[in-house]
file start_17.cif (mmCIF, C-alpha atoms)
data_protein
loop_
_atom_site.label_atom_id
_atom_site.label_comp_id
_atom_site.auth_asym_id
_atom_site.auth_seq_id
_atom_site.Cartn_x
_atom_site.Cartn_y
_atom_site.Cartn_z
CA MET A 234 0.00 0.00 0.00
CA ALA A 235 1.30 3.46 -0.84
CA TYR A 236 0.91 6.27 1.68
CA ALA A 237 3.04 8.85 -0.13
CA ASP A 238 0.24 10.93 -1.63
CA THR A 239 0.81 13.91 0.66
CA ILE A 240 4.10 14.71 -1.08
CA ASN A 241 1.95 15.88 -3.99
CA LEU A 242 0.02 18.40 -1.92
CA PRO A 243 0.59 22.08 -2.77
CA PHE A 244 3.48 23.75 -0.92
CA ASN A 245 5.49 20.51 -0.91
CA ALA A 246 8.59 20.58 -3.14
CA GLU A 247 7.58 17.57 -5.24
CA VAL A 248 4.76 19.57 -6.86
CA ILE A 249 7.26 21.79 -8.67
CA SER A 250 10.31 19.50 -8.77
CA SER A 251 10.19 19.12 -12.56
CA ARG A 252 10.24 22.91 -13.12
CA PHE A 253 11.89 24.50 -10.10
CA LYS A 254 15.32 24.12 -8.53
CA GLN A 255 15.87 26.11 -5.37
CA LYS A 256 19.08 28.12 -5.12
CA LYS A 257 20.50 29.93 -2.15
CA PRO A 258 21.36 33.66 -2.31
CA GLY A 259 24.62 34.14 -4.17
CA GLU A 260 24.37 30.90 -6.14
CA LEU A 261 22.78 32.58 -9.18
CA ALA A 262 24.63 34.82 -11.61
CA ALA A 263 23.43 38.43 -11.79
CA THR A 264 20.95 39.03 -14.61
CA ASP A 265 18.03 41.26 -15.44
CA GLN A 266 16.20 38.49 -17.30
CA GLY A 267 14.40 35.32 -16.28
CA TYR A 268 11.16 34.80 -14.36
CA TRP A 269 9.57 36.80 -11.55
CA VAL A 270 7.32 35.91 -8.64
CA PHE A 271 5.48 39.18 -7.96
CA LEU A 272 3.48 39.08 -4.72
CA GLN A 273 0.72 41.60 -4.11
CA ARG A 274 -1.18 40.96 -0.90
CA ASP A 275 -2.65 37.44 -1.23
CA ALA A 276 -2.24 37.35 -4.99
CA LEU A 277 0.39 36.38 -7.53
CA LEU A 278 0.86 38.67 -10.53
CA LEU A 279 0.74 36.63 -13.73
CA GLU A 280 1.06 37.32 -17.43
CA GLY A 281 -1.20 35.14 -19.55
CA GLY A 282 -1.67 32.76 -16.63
CA ARG A 283 2.10 32.24 -16.26
CA LEU A 284 4.95 33.73 -14.28
CA TYR A 285 6.16 36.99 -15.78
CA ARG A 286 9.34 36.52 -17.82
CA GLY A 287 11.72 39.30 -18.83
CA ALA A 288 13.29 42.43 -17.43
CA LEU A 289 11.72 44.08 -14.40
CA PRO A 290 8.84 46.33 -15.52
CA ASP A 291 9.80 50.00 -15.38
CA SER A 292 7.01 50.84 -12.93
CA PHE A 293 8.45 48.31 -10.43
CA ALA A 294 12.00 49.61 -10.66
CA GLY A 295 11.73 51.73 -7.53
CA TYR A 296 11.01 48.78 -5.26
CA ALA A 297 14.06 47.36 -3.52
CA GLY A 298 14.53 43.84 -2.30
CA ALA A 299 14.29 41.68 -5.44
CA LEU A 300 15.66 38.33 -4.30
CA PRO A 301 16.80 35.47 -6.56
CA PHE A 302 15.82 32.12 -5.06
CA GLY A 303 16.07 29.50 -7.79
CA GLU A 304 15.54 28.46 -11.37
CA TRP A 305 12.17 28.03 -13.07
CA ASP A 306 12.28 26.07 -16.33
CA GLY A 307 16.05 26.45 -16.31
CA GLU A 308 16.10 30.25 -15.96
CA PRO A 309 16.65 32.44 -12.88
CA VAL A 310 13.54 33.30 -10.88
CA ARG A 311 13.32 36.18 -8.40
CA LEU A 312 10.67 37.38 -6.00
CA LEU A 313 9.48 40.90 -5.28
CA THR A 314 6.67 42.35 -3.19
CA VAL A 315 4.48 44.90 -4.98
CA PRO A 316 2.48 47.36 -2.84
CA ALA A 317 -1.26 46.73 -2.74
CA ASP A 318 -2.11 50.12 -4.27
CA HIS A 319 0.34 49.87 -7.17
CA ALA A 320 -1.37 50.11 -10.58
CA LEU A 321 -0.35 47.08 -12.62
CA PRO A 322 1.34 47.44 -16.00
CA ASP A 323 -0.49 46.15 -19.05
CA GLY A 324 -0.53 42.38 -19.25
CA LEU A 325 -0.14 41.64 -15.55
CA VAL A 326 -3.14 40.31 -13.64
CA ALA A 327 -3.44 39.74 -9.89
CA VAL A 328 -4.63 36.17 -9.34
CA PRO A 329 -5.73 35.35 -5.75
CA GLN A 330 -3.84 32.43 -4.24
CA THR A 331 -7.10 30.49 -3.91
CA GLU A 332 -7.42 30.48 -7.71
CA LEU A 333 -3.86 29.43 -8.56
CA PRO A 334 -3.01 26.00 -10.00
CA ASP A 335 -0.98 23.76 -7.71
CA ASP A 336 2.42 24.57 -9.18
CA LEU A 337 2.01 28.34 -9.04
CA LEU A 338 0.36 28.11 -5.63
CA THR A 339 3.42 26.26 -4.40
CA MET A 340 5.72 28.95 -5.80
CA TYR A 341 3.54 31.60 -4.16
CA GLY A 342 3.80 29.80 -0.81
CA LEU A 343 7.56 29.34 -1.05
CA ALA A 344 8.04 33.02 -1.89
CA ARG A 345 5.90 34.07 1.07
CA GLN A 346 7.86 31.83 3.40
CA ILE A 347 11.19 33.22 2.20
CA LEU A 348 10.01 36.82 2.52
CA TYR A 349 8.74 36.13 6.04
CA TRP A 350 12.20 34.85 7.01
CA GLU A 351 13.86 37.86 5.43
CA LYS A 352 11.53 40.19 7.33
CA MET A 353 12.04 38.46 10.68
CA SER A 354 15.81 38.04 10.43
CA GLY A 355 16.96 41.64 10.02
CA HIS A 356 18.27 41.80 13.58
CA CYS A 357 19.71 39.23 15.93
CA SER A 358 17.22 37.89 18.49
CA ARG A 359 20.13 37.30 20.86
CA CYS A 360 21.69 40.79 21.04
CA GLY A 361 19.76 42.95 18.56
CA GLY A 362 22.71 43.35 16.25
CA VAL A 363 22.55 43.69 12.47
CA MET A 364 22.73 40.45 10.50
CA GLU A 365 24.67 39.50 7.38
CA ARG A 366 23.94 36.56 5.13
CA ILE A 367 26.03 33.42 5.45
CA PRO A 368 27.21 32.70 1.90
CA ALA A 369 25.36 30.03 -0.10
CA THR A 370 22.71 29.53 2.63
CA TRP A 371 19.51 31.14 3.88
CA GLY A 372 21.24 31.54 7.23
CA LYS A 373 22.44 34.83 8.71
CA ARG A 374 25.20 35.75 11.12
CA CYS A 375 25.05 38.56 13.66
CA LEU A 376 27.74 41.20 13.18
CA GLY A 377 27.60 41.96 16.90
CA CYS A 378 27.77 38.60 18.73
CA ASN A 379 28.58 36.33 15.76
CA HIS A 380 25.59 34.09 16.52
CA GLU A 381 24.21 32.20 13.50
CA HIS A 382 20.51 32.03 12.69
CA TYR A 383 18.70 29.80 10.20
CA PRO A 384 15.09 29.78 8.95
CA HIS A 385 12.63 28.85 11.65
CA ILE A 386 10.26 26.08 10.56
CA HIS A 387 7.66 25.35 13.23
CA PRO A 388 6.46 21.72 13.57
CA CYS A 389 2.74 21.21 14.15
CA ILE A 390 0.54 18.15 14.41
CA ILE A 391 -2.89 17.78 12.85
CA VAL A 392 -4.97 14.73 13.68
CA LEU A 393 -8.15 12.89 12.74
CA VAL A 394 -9.66 10.99 15.67
CA LYS A 395 -11.91 8.05 14.70
CA ARG A 396 -14.54 6.28 16.79
CA GLY A 397 -15.96 3.47 14.69
CA LYS A 398 -17.69 5.17 11.75
CA GLU A 399 -17.55 8.55 13.48
CA PHE A 400 -14.75 11.11 13.40
CA LEU A 401 -13.95 14.16 15.51
CA LEU A 402 -14.00 17.65 13.98
CA ALA A 403 -13.66 20.97 15.75
CA ARG A 404 -14.02 24.67 14.98
CA LYS A 405 -12.36 27.90 16.07
CA PRO A 406 -14.51 30.97 16.76
CA GLU A 407 -12.79 33.06 14.06
CA TRP A 408 -13.61 30.60 11.25
CA ALA A 409 -16.45 31.08 8.79
CA ALA A 410 -19.80 29.94 10.13
CA GLY A 411 -20.33 26.20 9.88
CA ARG A 412 -16.72 25.29 9.08
CA TYR A 413 -15.10 22.43 10.99
CA SER A 414 -11.64 20.92 10.70
CA LEU A 415 -9.16 18.70 12.53
CA VAL A 416 -7.56 19.37 15.88
CA ALA A 417 -4.07 20.82 15.38
CA GLY A 418 -1.35 22.46 17.44
CA PHE A 419 2.32 23.36 17.79
CA VAL A 420 4.84 20.89 19.18
CA ASP A 421 5.97 21.91 22.66
CA PHE A 422 9.38 21.71 24.35
CA GLY A 423 10.48 18.13 25.02
CA GLU A 424 7.68 16.51 23.02
CA SER A 425 7.63 13.88 20.34
CA LEU A 426 5.05 14.32 17.61
CA GLU A 427 2.94 11.51 19.07
CA GLU A 428 3.04 13.07 22.53
CA CYS A 429 1.91 16.34 21.00
CA VAL A 430 -1.08 14.55 19.43
CA GLU A 431 -2.11 13.16 22.81
CA ARG A 432 -1.68 16.48 24.61
CA GLU A 433 -3.49 18.63 22.02
CA ILE A 434 -6.48 16.28 21.87
CA MET A 435 -6.72 16.17 25.67
CA GLU A 436 -6.26 19.92 26.16
CA GLU A 437 -8.70 20.98 23.47
CA THR A 438 -11.39 18.29 23.68
CA GLY A 439 -10.86 16.29 26.90
CA LEU A 440 -10.49 13.01 25.01
CA LYS A 441 -7.84 10.31 25.22
CA VAL A 442 -6.61 8.61 22.05
CA THR A 443 -4.64 5.50 21.17
CA ASP A 444 -3.10 3.82 18.09
CA ILE A 445 -1.60 7.04 16.75
CA ARG A 446 -0.34 6.69 13.17
CA TYR A 447 1.56 9.15 10.98
CA VAL A 448 0.06 9.56 7.49
CA GLY A 449 2.01 12.37 5.82
CA SER A 450 3.01 16.02 6.00
CA GLN A 451 2.58 19.35 4.27
CA ASN A 452 4.71 22.47 4.27
CA TRP A 453 2.36 25.28 5.32
CA PRO A 454 3.82 28.73 4.57
CA PHE A 455 1.31 30.82 6.58
CA PRO A 456 3.79 31.89 7.75
CA SER A 457 6.19 28.96 8.33
CA GLN A 458 4.78 25.66 9.61
CA LEU A 459 5.35 22.00 8.85
CA MET A 460 2.08 20.13 9.37
CA ALA A 461 2.59 16.49 10.40
CA GLY A 462 -0.63 14.57 9.83
CA PHE A 463 -1.89 11.73 12.01
CA VAL A 464 -4.88 9.46 12.46
CA ALA A 465 -5.74 8.10 15.91
CA GLU A 466 -8.40 5.97 17.56
CA TYR A 467 -10.68 7.24 20.32
CA ALA A 468 -9.82 5.64 23.67
CA SER A 469 -12.02 7.30 26.30
CA GLY A 470 -13.60 10.47 27.59
CA GLU A 471 -16.41 12.89 26.80
CA ILE A 472 -15.97 15.98 24.64
CA ALA A 473 -15.27 19.12 26.68
CA VAL A 474 -13.85 21.96 24.59
CA ASP A 475 -11.38 24.30 26.26
CA GLY A 476 -13.39 27.42 25.35
CA LEU A 477 -10.17 29.24 24.39
CA GLU A 478 -8.82 27.85 21.14
CA LEU A 479 -12.01 25.99 20.22
CA GLU A 480 -15.66 26.96 20.46
CA ASP A 481 -17.01 23.54 19.50
CA ALA A 482 -16.03 19.94 18.80
CA ARG A 483 -18.29 17.04 17.95
CA TRP A 484 -18.51 13.62 16.35
CA PHE A 485 -19.51 13.55 12.69
CA SER A 486 -20.08 10.76 10.18
CA ILE A 487 -20.56 10.41 6.44
CA ASP A 488 -24.31 10.73 7.06
CA ARG A 489 -23.94 13.69 9.41
CA MET A 490 -21.53 16.30 8.07
CA PRO A 491 -20.74 19.94 8.96
CA GLU A 492 -21.71 22.76 6.62
CA ALA A 493 -18.13 23.33 5.47
CA LEU A 494 -14.75 21.56 5.53
CA PRO A 495 -11.15 22.82 5.16
CA PRO A 496 -9.85 23.85 1.70
CA ALA A 497 -9.43 20.98 -0.74
CA ARG A 498 -5.65 21.43 -1.08
CA SER A 499 -4.81 21.32 2.62
CA ILE A 500 -3.52 18.30 4.50
CA ALA A 501 -6.56 18.63 6.81
CA ARG A 502 -8.89 18.01 3.89
CA PHE A 503 -6.63 15.27 2.50
CA ILE A 504 -6.85 13.38 5.79
CA ILE A 505 -10.62 13.87 6.11
CA ASP A 506 -11.29 12.82 2.53
CA ARG A 507 -9.03 9.79 2.63
CA PHE A 508 -9.32 8.47 6.17
CA ALA A 509 -12.84 9.56 7.16
CA LEU A 510 -14.81 9.70 3.91
CA GLY A 511 -12.81 7.80 1.30
CA SER A 512 -11.39 4.41 0.49
CA ASP A 513 -9.08 4.29 3.51
CA ALA A 514 -11.95 4.89 5.95
CA ASP A 515 -12.76 1.17 6.06
CA ARG A 516 -9.21 -0.19 6.19
CA LEU A 517 -7.97 -2.37 9.03
CA PRO A 518 -8.08 -0.88 12.53
CA LEU A 519 -5.12 1.39 13.07
CA ALA A 520 -3.47 -1.04 15.49
CA GLU A 521 -3.22 -3.60 12.68
CA TRP A 522 -1.60 -1.28 10.14
CA GLY A 523 2.02 -1.69 9.26
CA PRO A 524 4.39 1.28 9.38
CA ILE A 525 3.19 4.15 7.25
CA VAL A 526 5.90 5.81 5.17
CA ALA A 527 5.30 9.21 3.58
CA ALA A 528 8.30 9.49 1.30
CA LYS A 529 8.84 9.77 -2.43
CA GLY A 530 8.38 6.36 -4.02
CA ALA A 531 7.41 4.63 -0.76
CA GLU A 532 4.98 1.75 -0.94
#

call {"tool": "encode", "arguments": {"input": "start_17.cif", "output": "structure tokens"}}
result
Amino acid sequence: MAYADTINLPFNAEVISSRFKQKKPGELAATDQGYWVFLQRDALLLEGGRLYRGALPDSFAGYAGALPFGEWDGEPVRLLTVPADHALPDGLVAVPQTELPDDLLTMYGLARQILYWEKMSGHCSRCGGVMERIPATWGKRCLGCNHEHYPHIHPCIIVLVKRGKEFLLARKPEWAAGRYSLVAGFVDFGESLEECVEREIMEETGLKVTDIRYVGSQNWPFPSQLMAGFVAEYASGEIAVDGLELEDARWFSIDRMPEALPPARSIARFIIDRFALGSDADRLPLAEWGPIVAAKGAE
């Protein structure tokens, strides 16, 4: 059985591996040609549905910070943020990230993640000193205390809890009305991923779980998470939401669904579709599964 499908989710490198090769700052020769990832709020600026290719448009020339970060179709690709109120030159169209195809959505997400790191790494968190880039890496070194910093990727768990034919979904108060998703949370100091699953479920819903199984992961650049997906079996307890992070949690089934689910291209929806609603929902109990490998080519 293959459990490697999550590598093909948007924001994971495999989605663009045939077209994109990431390069670190300084690894690309200086040029004014190639492709551009123009970000404007939550949109990507495209020309004819594709990344803009060519010299930087004259009207963008006053914006500093163009950053080369790889090759797209064998040519250099750079990213640049365009102010929200900037009138676009002829031919460029702002396409919201929700309407982008998977490959361009993945480029959009990668660019956002890189820009977030650049924004947050201007000064040393240890002494406040100015930082300089460490050659051929995304890392930076403080000119004051010489401490080295590298991009901060924050591990999170996201888990589907099953109870027979039922599955647990929860909602946060800030979400759109009727939308439910999986319980998720950041890994804490001294925790394994499985321990984080147990703690988050207990803290947010009052339930105990067992037979925790890893099913895949997704890079989540909003701003810089790695979502590790799990499925677990209900062990005991009654639902009691914490009232802080969650406003509701309840058991659902194929015959009793919420009004709305997470976006189709998220790992939350992948897990719900596959392990609650789809072909994997009726597989062997989790305790009888063999090890699940989420790696390229794994079977």

call {"tool": "residues_around", "arguments": {"input": "start_17.cif", "residues": "Val328 (chain A)", "least_positions_apart": "5", "cutoff": "9 Å", "atoms": "all atoms listed in the file", "output": "PyMOL selection string"}}
result
chain A and resi 275-279+282+333

call {"tool": "write_last_selection", "arguments": {"input": "start_17.cif", "atoms": "C-alpha atoms", "output": "compact mmCIF listing (two decimals), keeping the file's coordinate frame"}}
result
# COMPACT_ATOMS: atom_id res chain seq x y z
CA ASP A 275 -2.65 37.44 -1.23
CA ALA A 276 -2.24 37.35 -4.99
CA LEU A 277 0.39 36.38 -7.53
CA LEU A 278 0.86 38.67 -10.53
CA LEU A 279 0.74 36.63 -13.73
CA GLY A 282 -1.67 32.76 -16.63
CA LEU A 333 -3.86 29.43 -8.56

call {"tool": "residues_around", "arguments": {"input": "start_17.cif", "residues": "Ala297 (chain A)", "least_positions_apart": "5", "cutoff": "12 Å", "atoms": "all atoms listed in the file", "output": "PDB file with C-alpha atoms, in the coordinates of the input"}}
result
ATOM      1  CA  LEU A 289      11.720  44.080 -14.400  1.00  0.00           C
ATOM      2  CA  LEU A 312      10.670  37.380  -6.000  1.00  0.00           C
ATOM      3  CA  LEU A 313       9.480  40.900  -5.280  1.00  0.00           C
ATOM      4  CA  THR A 314       6.670  42.350  -3.190  1.00  0.00           C
ATOM      5  CA  VAL A 315       4.480  44.900  -4.980  1.00  0.00           C
ATOM      6  CA  PRO A 316       2.480  47.360  -2.840  1.00  0.00           C
TER       7      PRO A 316
END

call {"tool": "atom_distance", "arguments": {"input": "start_17.cif", "atom1": "CA of Ser251 (chain A)", "atom2": "CA of Lys352 (chain A)"}}
result
29.0 Å

call {"tool": "closest_residue", "arguments": {"input": "start_17.cif", "among": "A:Cys429, A:Ile434, A:Glu424, A:Glu480", "to": "Ala410 (chain A)", "atoms": "only C-alpha atoms"}}
result
A:Glu480

call {"tool": "resolve_selection", "arguments": {"input": "start_17.cif", "expression": "the PyMOL selection byres ((chain A and resi 368-370) around 10)", "output": "number ranges by chain"}}
result
A: 256-261, 365-367, 371-374, 383-384

call {"tool": "residues_near_point", "arguments": {"input": "start_17.cif", "point": "(-9.6, 22.1, 25.9)", "cutoff": "12 Å", "atoms": "all atoms listed in the file", "output": "JSON, numbers by chain"}}
result
{"A": [403, 405, 416, 417, 418, 432, 433, 434, 435, 436, 437, 438, 439, 440, 441, 471, 472, 473, 474, 475, 476, 477, 478, 479, 480, 481, 482]}

call {"tool": "write_last_selection", "arguments": {"input": "start_17.cif", "atoms": "C-alpha atoms", "output": "PDB file, in the coordinates of the input"}}
result
ATOM      1  CA  ALA A 403     -13.660  20.970  15.750  1.00  0.00           C
ATOM      2  CA  LYS A 405     -12.360  27.900  16.070  1.00  0.00           C
ATOM      3  CA  VAL A 416      -7.560  19.370  15.880  1.00  0.00           C
ATOM      4  CA  ALA A 417      -4.070  20.820  15.380  1.00  0.00           C
ATOM      5  CA  GLY A 418      -1.350  22.460  17.440  1.00  0.00           C
ATOM      6  CA  ARG A 432      -1.680  16.480  24.610  1.00  0.00           C
ATOM      7  CA  GLU A 433      -3.490  18.630  22.020  1.00  0.00           C
ATOM      8  CA  ILE A 434      -6.480  16.280  21.870  1.00  0.00           C
ATOM      9  CA  MET A 435      -6.720  16.170  25.670  1.00  0.00           C
ATOM     10  CA  GLU A 436      -6.260  19.920  26.160  1.00  0.00           C
ATOM     11  CA  GLU A 437      -8.700  20.980  23.470  1.00  0.00           C
ATOM     12  CA  THR A 438     -11.390  18.290  23.680  1.00  0.00           C
ATOM     13  CA  GLY A 439     -10.860  16.290  26.900  1.00  0.00           C
ATOM     14  CA  LEU A 440     -10.490  13.010  25.010  1.00  0.00           C
ATOM     15  CA  LYS A 441      -7.840  10.310  25.220  1.00  0.00           C
ATOM     16  CA  GLU A 471     -16.410  12.890  26.800  1.00  0.00           C
ATOM     17  CA  ILE A 472     -15.970  15.980  24.640  1.00  0.00           C
ATOM     18  CA  ALA A 473     -15.270  19.120  26.680  1.00  0.00           C
ATOM     19  CA  VAL A 474     -13.850  21.960  24.590  1.00  0.00           C
ATOM     20  CA  ASP A 475     -11.380  24.300  26.260  1.00  0.00           C
ATOM     21  CA  GLY A 476     -13.390  27.420  25.350  1.00  0.00           C
ATOM     22  CA  LEU A 477     -10.170  29.240  24.390  1.00  0.00           C
ATOM     23  CA  GLU A 478      -8.820  27.850  21.140  1.00  0.00           C
ATOM     24  CA  LEU A 479     -12.010  25.990  20.220  1.00  0.00           C
ATOM     25  CA  GLU A 480     -15.660  26.960  20.460  1.00  0.00           C
ATOM     26  CA  ASP A 481     -17.010  23.540  19.500  1.00  0.00           C
ATOM     27  CA  ALA A 482     -16.030  19.940  18.800  1.00  0.00           C
TER      28      ALA A 482
END

call {"tool": "closest_atom_pairs", "arguments": {"input": "start_17.cif", "of": "region 242-310 of chain A", "to": "region 487-507 of chain A", "cutoff": "10 Å", "atoms": "only C-alpha atoms", "output": "JSON lines"}}
result
{"residue": "A:Leu242", "atom": "CA", "partner": "A:Arg498", "partner_atom": "CA", "distance": 6.5}
{"residue": "A:Pro243", "atom": "CA", "partner": "A:Arg498", "partner_atom": "CA", "distance": 6.5}
{"residue": "A:Phe244", "atom": "CA", "partner": "A:Ser499", "partner_atom": "CA", "distance": 9.3}

call {"tool": "resolve_selection", "arguments": {"input": "start_17.cif", "expression": "the PyMOL selection byres ((chain A and resi 446) around 7)", "output": "PyMOL selection string"}}
result
chain A and resi 444-445+447-448+463-465

call {"tool": "atom_distance", "arguments": {"input": "start_17.cif", "atom1": "CA of Ser354 (chain A)", "atom2": "CA of Gln458 (chain A)"}}
result
16.6 Å

call {"tool": "residues_around", "arguments": {"input": "start_17.cif", "residues": "Arg345 (chain A)", "least_positions_apart": "2", "cutoff": "9 Å", "atoms": "all atoms listed in the file", "output": "ChimeraX atom specification"}}
result
/A:272,340-343,347-350,454-457
